[in-house]
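Trainee: Here it is, the structure in full.
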Amino acid sequence: MSVKQALSRRGFVGGVTGALGLLTLDPRKLLSQAAGQAPRPQRASVDEYDLLAKLANNENPYGPPESVLKAMTNAFKYANRYGYPDGGIVEAIAKHHGVPAENVMLGAGSGEILDVVGTTFLMDDKKIVGADVSYDVLYQHVTALKADQIKVPLLPDFRQDIPAMIAAVKSNYRDVGFVYLCSPNNPTGRIVTKQEVAQLLDGIPSDVPVLIDEAYFHFVDDPNYATSIPYVLEGRQVIVARTFSKISALAGMRLGYAIAPRGLLQRMRPYSVGSINAIVKWGGVAALADVDAQNTVKKTTLALRARTTADLTGYGYAVVPSDANFFLVHLRRPVQPVIAEFRKKGVLVGRPFAGLPEHVRVSVGTAEEMSRFMTAFKEILPPAKSVGGG
């Protein structure tokens with residue numbers, strides 16, 4: 001089964017965007033963001049958007065598979081209804097992970113789950129403990145809540161420093177609202193191993209919630225990595241966030257979920273908006289079942305990631321080892337002007353991240369998009385003499 005056959009149905013996508021509106025990022029706005037600040041959703045012209053190589057937001061470039069498109073098309077008949085049949089999305093997620101339905105909470109993408117966790121557990125002057133650098137949109141939400149952050153610097157190899165996180169929690173125990181792990185980490189692409197997750201959970205007080213963001217779970221091949229959902233079944237204070245935005249190609253449709261102990265979800269539910277449409281609920285059920293499509297995307301993505309990072313390394317630029325559908329390149333110069341140069345050549349790459357002033361995050365797109373990226377890279381940047389450290 002080819003990627004195109006399994007995953008791309010352009011005509012349907014055109015219909016969906018006409019019905020639901022094309023929400024995306026205006027590349028000009030992207031360039032104007034301060035380092036570390038997430039871009040704001042903007043409307044771009046369709047003609048401009050379609051011509052760009054979109055390697056900025058870690059999306060699945062192939063679109064939803066046939067099974068998902070069919071399920072969503074059939075669900076359009078509920079577009080004018082409240083109280084519609086939802087395909088049993090919560091039950092499907094619960095069955096998929098082997099947990100009771102009471103341990104599942106839906107969100108409009110995993111981004112809503114992260115926001116809800118922040119709002120729930122950072123009241124009363126509580127603090128978040130997390131890595132620096134990690135998914136900065138969560139930290140921006142924490143800032144908006146006027147909550148404090150205890151950021152633990154990454155190790156020299158860009159992994160998260162678990163012993164230092166444990167120490168930070170212990171020394172601030174009474175003030176810690178929750179711990180945040182993004183694994184694979186965004187923007188570095190590095191995992192927290194299953195041994196390190198166990199080390200963290202066993203090393204901190206048992207009543208401290210730990211939010212584990214597994215948005216890029218499906219792209220990992222490392223045998224030392226595992227989902228943390230079993231800890232929920234053990235009754236540990238673990239919240240696992242998942243999304244259909246990446247492997248299932250539903251970023252524009254907004255569907256994610258949390259799996260957590262019932263007690264934690266009861267605290268979180270009052271802060272959940274629950275604005276999830278009928279169409280994507282049916283699509284989510286179909287996406288969970290279509291393992292073949294997920295395997296096709298994973299295989300294709302990892303092959304393109306390996307080829308592109310090898311090309312970059314051969315050109316003399318260090319790439320941080322990644323287990324996600326993106327990678328981080330050390331440019332050895334300020335990143336923001338380089339992002340602007342890529343934009344001029346019709347290639348969108350990731351935004352600046354505070355703490356990584358010379359690194360650019362690049363999503364893995366189609367083979368054609370990655371070819372455009374490498375061509376632009378060599379036009380913008382000269383060959384480097386040696387790779388060196390990341």
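Chain lettering (A, B, ...) mirrors the order of the structure tokens, residue numbering begins at 1 for each chain separately, and ligand numbering begins at 1 in order of display.
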Extract, using only C-alpha atoms, all DNA, RNA and protein residues at most 8 Å from range 368-374 of chain A, discarding same-chain residues fewer than 6 positions from it, and format them as a short mmCIF file (atom, residue, chain, number, x, y, z; two decimals) with C-alpha atoms, in the first residue's frame.
Mentor:
```cif
data_model
loop_
_atom_site.label_atom_id
_atom_site.label_comp_id
_atom_site.auth_asym_id
_atom_site.auth_seq_id
_atom_site.Cartn_x
_atom_site.Cartn_y
_atom_site.Cartn_z
CA ALA A 53 6.63 23.25 1.93
CA LYS A 54 5.08 23.03 5.38
CA LEU A 55 7.80 21.75 7.73
CA LEU A 304 12.78 10.34 5.18
CA THR A 308 17.54 14.01 5.41
CA ASP A 311 22.37 14.59 4.16
CA LEU A 312 22.66 17.37 6.76
CA VAL A 347 9.80 26.51 2.90
#
```
Trainee: Could you name the residues that touch Thr301 in chain A at 8 Å or less, counting only C-alpha atoms, but leaving out those on the same chain fewer than 6 positions away, as a count of residues only?
Mentor: 3
Trainee: Counting only C-alpha atoms, what is within 10 Å of Leu114 in chain A, bar same-chain residues fewer than 2 positions away, as a ChimeraX atom specification?
Mentor: /A:107,109-112,116-120,137-139,141-142,180,211-213,239-241,257-258
Trainee: Rank A:Lys378, A:Arg81, A:Arg174, A:Arg269 by their smallest atom-to-atom distance to Lys127 in chain A, using only C-alpha atoms, and report the top residue only.
Mentor: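 Selected residue with least distance to Lys127 in chain A: A:Arg174.
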Trainee: May I ask which of the residues A:Ala71, A:Ile93, A:Leu200, A:Ile128 is the closest one to Arg242 in chain A, counting only C-alpha atoms?
Mentor: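 With only C-alpha atoms as the atom set, the closest residue is A:Ile93.
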Trainee: For a test of reading the model, state the distance in Å between CA of Leu348 in chain A and CA of Pro383 in chain A, rounded to one decimal.
Mentor: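 Going from CA of Leu348 in chain A over to CA of Pro383 in chain A, I get 21.0 Å.
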Trainee: Pick from A:Val129, A:Val291, A:Val280, A:Val362: nearest to Asn74 in chain A, with only C-alpha atoms counted?
Mentor: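 Between A:Val129, A:Val291, A:Val280, A:Val362, the residue approaching Asn74 in chain A most closely is A:Val280.
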Trainee: Show me, as a VMD selection string, the residues that have an atom within 12 Å of Gln294 in chain A when counting only C-alpha atoms, minus same-chain residues fewer than 2 positions from it.
Mentor: chain A and resid 1 3 6 to 7 60 62 to 68 217 to 219 244 246 to 249 286 to 292 296 to 301
Trainee: Closest to Leu328 in chain A among A:Ala56, A:Leu106, A:Ala278, A:Ala167, using only C-alpha atoms?
Mentor: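 Residue with the minimum atom-to-atom distance to Leu328 in chain A: A:Ala56.
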Trainee: Would you pick out the contacts of Gly314 in chain A at 10 Å or less, using only C-alpha atoms, so that residues sharing its chain but fewer than 3 positions from it are not included, and give the list as a ChimeraX atom specification?
Mentor: /A:308-311,317-318,383-387
Trainee: Can you tell me, as a ChimeraX atom specification, what residues are no more than 9 Å from Asp161 in chain A when counting only C-alpha atoms, ignoring any on the same chain fewer than 6 positions away?
Mentor: /A:131,152-155
Trainee: Go ahead and dump the residues you just picked, C-alpha atoms, as a compact mmCIF listing (two decimals), in the first residue's frame.
Mentor:
```txt
# COMPACT_ATOMS: atom_id res chain seq x y z
CA ALA A 131 12.63 20.55 31.29
CA VAL A 152 15.53 22.03 34.76
CA PRO A 153 18.18 22.49 32.02
CA LEU A 154 18.64 19.71 29.50
CA LEU A 155 21.74 17.55 29.63
```
Trainee: Write out as a list of chain:residue names the set of residues from range 68-198 of chain A that DSSP, computed on the backbone, places in strand (DSSP E).
Mentor: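 Selecting the strand (DSSP E) positions of range 68-198 of chain A gives A:Val104, A:Met105, A:Leu106, A:Gly107, A:Lys127, A:Ile128, A:Val129, A:Gly130, A:Ala131, A:Asp132, A:Asp148, A:Gln149, A:Ile150, A:Lys151, A:Val152, A:Pro153, A:Val176, A:Gly177, A:Phe178, A:Val179, A:Tyr180, A:Leu181, A:Cys182.
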Trainee: Quick one, how far is CA of Val360 in chain A from CA of Arg343 in chain A?
Mentor: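 Distance between the two atoms: 13.1 Å.
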Trainee: Could you list, as a tab-separated table (two decimals) with N, CA and C atoms, in the first residue's frame, every residue within 9 Å of Lys345 in chain A, counting only C-alpha atoms and ignoring same-chain residues fewer than 5 positions away?
Mentor:
```
chain	number	residue	atom	x	y	z
A	52	LEU	N	3.51	26.31	-0.24
A	52	LEU	CA	4.60	26.21	0.73
A	52	LEU	C	4.94	24.76	1.06
A	340	ALA	N	13.72	33.17	8.16
A	340	ALA	CA	13.21	34.14	7.18
A	340	ALA	C	13.69	33.80	5.77
A	372	ARG	N	12.96	19.83	-1.31
A	372	ARG	CA	12.93	21.29	-1.35
A	372	ARG	C	13.68	21.88	-0.17
A	376	ALA	N	17.00	24.26	-0.44
A	376	ALA	CA	17.02	25.58	0.19
A	376	ALA	C	18.13	25.68	1.23
```
